[in-house]
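Asks: This is the structure I want to talk about, given as structure tokens.
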Amino acid sequence: QVQLVESGGGLVQPGGSLKLSCAASGLAFAFRIYTMGWYRQAPGKQRELVAAINVGASANYADSVKGRFTISRDNGKKMVYLQMNSLKPEDTAVYYCNANRATQIYWGQGTQVTVSS
């Protein structure tokens, strides 16, 4: 059974930084062959892709976070990270870790990020 566990969320002031972590586990979970991503969902809005990193470590970002957020992965530790800088109130959402390989898709439970003064 694959598990994705997020951590690192919290309350931060506008302009501040947070680093989210996602730990993957599971007996048959070959982490390195999955595209890993971070999604977010704000109240009353649809879940949206924030950033994703593929098996070749090539990353893509939502336009709203380009230049502020950085996604990275550590295949040895089965971890994926999201460094978030220059946070804005509109970044407030529940952030979800995602693992994706063709028809195999897994989600974490989410971690709350609140940007407020």
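In the structure tokens, each chain is lettered A, B, ... as it comes, each chain's residues begin at 1, and ligands are numbered from 1 in order of appearance.
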At a cut-off of 10 Å, using only C-alpha atoms, what residues contact Glu90 in chain A? Leave out same-chain residues fewer than 2 positions from it and give the result as a ChimeraX atom specification.
Replies: /A:14,42,64,87-88,92-93,114-116
Asks: Can you pull out the residues contacting Leu49 in chain A? Cut-off 12 Å, using only C-alpha atoms, and skip same-chain residues under 4 positions away; I want them as a count of residues only.
Replies: 19
Asks: Go through A:Gln13, A:Gln46, A:Ser58, A:Asn75 one by one, measure the shortest atom-to-atom distance of each to Val113 in chain A using only C-alpha atoms, and give the residue with the smallest value.
Replies: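 Under the stated criterion, the closest residue is A:Gln13.
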Asks: Mind the document's chain letters and residue numbers, and return as a PyMOL selection string the residues of chain A that DSSP labels helix (DSSP H, G or I).
Replies: chain A and resi 31-33+89-91
Asks: Could you save those same residues with all heavy atoms as an mmCIF file, in the first residue's frame?
Replies:
data_model
loop_
_atom_site.group_PDB
_atom_site.id
_atom_site.type_symbol
_atom_site.label_atom_id
_atom_site.label_comp_id
_atom_site.auth_asym_id
_atom_site.auth_seq_id
_atom_site.Cartn_x
_atom_site.Cartn_y
_atom_site.Cartn_z
ATOM 1 N N PHE A 31 9.619 4.674 -6.264
ATOM 2 C CA PHE A 31 9.476 6.117 -6.253
ATOM 3 C C PHE A 31 10.071 6.778 -7.485
ATOM 4 O O PHE A 31 9.488 7.678 -8.069
ATOM 5 C CB PHE A 31 10.141 6.659 -4.977
ATOM 6 C CG PHE A 31 10.070 8.137 -4.825
ATOM 7 C CD1 PHE A 31 8.963 8.743 -4.254
ATOM 8 C CD2 PHE A 31 11.121 8.949 -5.240
ATOM 9 C CE1 PHE A 31 8.903 10.118 -4.100
ATOM 10 C CE2 PHE A 31 11.071 10.317 -5.088
ATOM 11 C CZ PHE A 31 9.956 10.902 -4.510
ATOM 12 N N ARG A 32 11.221 6.284 -7.899
ATOM 13 C CA ARG A 32 11.969 6.986 -8.946
ATOM 14 C C ARG A 32 11.273 6.962 -10.301
ATOM 15 O O ARG A 32 11.618 7.739 -11.188
ATOM 16 C CB ARG A 32 13.368 6.399 -9.073
ATOM 17 C CG ARG A 32 13.432 4.957 -9.525
ATOM 18 C CD ARG A 32 14.863 4.449 -9.588
ATOM 19 N NE ARG A 32 15.504 4.429 -8.287
ATOM 20 C CZ ARG A 32 16.505 5.245 -7.940
ATOM 21 N NH1 ARG A 32 16.958 6.146 -8.791
ATOM 22 N NH2 ARG A 32 17.028 5.147 -6.750
ATOM 23 N N ILE A 33 10.278 6.111 -10.504
ATOM 24 C CA ILE A 33 9.613 6.042 -11.818
ATOM 25 C C ILE A 33 8.301 6.825 -11.856
ATOM 26 O O ILE A 33 7.584 6.799 -12.855
ATOM 27 C CB ILE A 33 9.369 4.584 -12.266
ATOM 28 C CG1 ILE A 33 8.378 3.885 -11.327
ATOM 29 C CG2 ILE A 33 10.684 3.826 -12.359
ATOM 30 C CD1 ILE A 33 7.985 2.499 -11.820
ATOM 31 N N PRO A 89 -1.034 35.998 0.345
ATOM 32 C CA PRO A 89 -2.289 35.490 0.921
ATOM 33 C C PRO A 89 -3.030 34.538 -0.029
ATOM 34 O O PRO A 89 -3.662 33.580 0.434
ATOM 35 C CB PRO A 89 -3.087 36.765 1.159
ATOM 36 C CG PRO A 89 -2.046 37.815 1.420
ATOM 37 C CD PRO A 89 -0.920 37.459 0.489
ATOM 38 N N GLU A 90 -2.912 34.769 -1.319
ATOM 39 C CA GLU A 90 -3.593 33.897 -2.279
ATOM 40 C C GLU A 90 -2.957 32.515 -2.396
ATOM 41 O O GLU A 90 -3.482 31.644 -3.090
ATOM 42 C CB GLU A 90 -3.674 34.556 -3.662
ATOM 43 C CG GLU A 90 -2.359 35.088 -4.189
ATOM 44 C CD GLU A 90 -2.183 36.574 -3.910
ATOM 45 O OE1 GLU A 90 -2.523 37.028 -2.784
ATOM 46 O OE2 GLU A 90 -1.704 37.293 -4.822
ATOM 47 N N ASP A 91 -1.838 32.300 -1.741
ATOM 48 C CA ASP A 91 -1.239 30.965 -1.691
ATOM 49 C C ASP A 91 -1.881 30.108 -0.601
ATOM 50 O O ASP A 91 -1.573 28.916 -0.486
ATOM 51 C CB ASP A 91 0.264 31.059 -1.431
ATOM 52 C CG ASP A 91 1.022 31.720 -2.578
ATOM 53 O OD1 ASP A 91 0.712 31.424 -3.740
ATOM 54 O OD2 ASP A 91 1.927 32.533 -2.288
#
Asks: Determine which residues of range 16-117 of chain A DSSP labels as strand (DSSP E or B) from the backbone of this structure, then write them out as a VMD selection string.
Replies: chain A and resid 18 to 25 35 to 41 48 to 53 59 to 61 69 to 74 79 to 84 93 to 101 104 to 107 111 to 115
Asks: Name the closest residue to Val2 in chain A among the candidates A:Met84, A:Ala99, A:Ala51, A:Leu20; distances are taken between atoms, counting only C-alpha atoms.
Replies: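 So, comparing all the options, the nearest one is A:Ala99.
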Asks: Using only C-alpha atoms, which residue out of A:Val5, A:Ser117, A:Arg68, A:Arg73 lies closest to Ser25 in chain A?
Replies: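 Of A:Val5, A:Ser117, A:Arg68, A:Arg73, the one nearest Ser25 in chain A, counting only C-alpha atoms, is A:Val5.
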Asks: Under the rule that only C-alpha atoms are counted, which of A:Val12, A:Met79, A:Ala30, A:Ala23 is the nearest residue to Gln112 in chain A?
Replies: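 The closest residue to Gln112 in chain A is A:Val12.
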Asks: With only C-alpha atoms as the atoms that count, which of A:Gly8, A:Tyr34, A:Gln1, A:Ser17 lies nearest to Arg101 in chain A?
Replies: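 Smallest separation from Arg101 in chain A among the options: A:Tyr34.
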Asks: Pick out the closest residue to Thr35 in chain A from this set: A:Arg47, A:Lys19, A:Lys78, A:Lys66. Count only C-alpha atoms.
Replies: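 Closest candidate: A:Lys78.
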Asks: For the atom pair CA of Ser7 in chain A and CA of Asn85 in chain A, what is the interatomic distance in Å to one decimal place?
Replies: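 According to the coordinates, CA of Ser7 in chain A and CA of Asn85 in chain A are separated by 16.5 Å.
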Asks: In Å to one decimal, how far is CA of Leu82 in chain A from CA of Gln104 in chain A?
Replies: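 Separation between CA of Gln104 in chain A and CA of Leu82 in chain A: 21.9 Å.
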Asks: One decimal, in Å: what's the spacing between CA of Ala57 in chain A and CA of Lys45 in chain A?
Replies: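 Those two atoms sit 28.9 Å apart.
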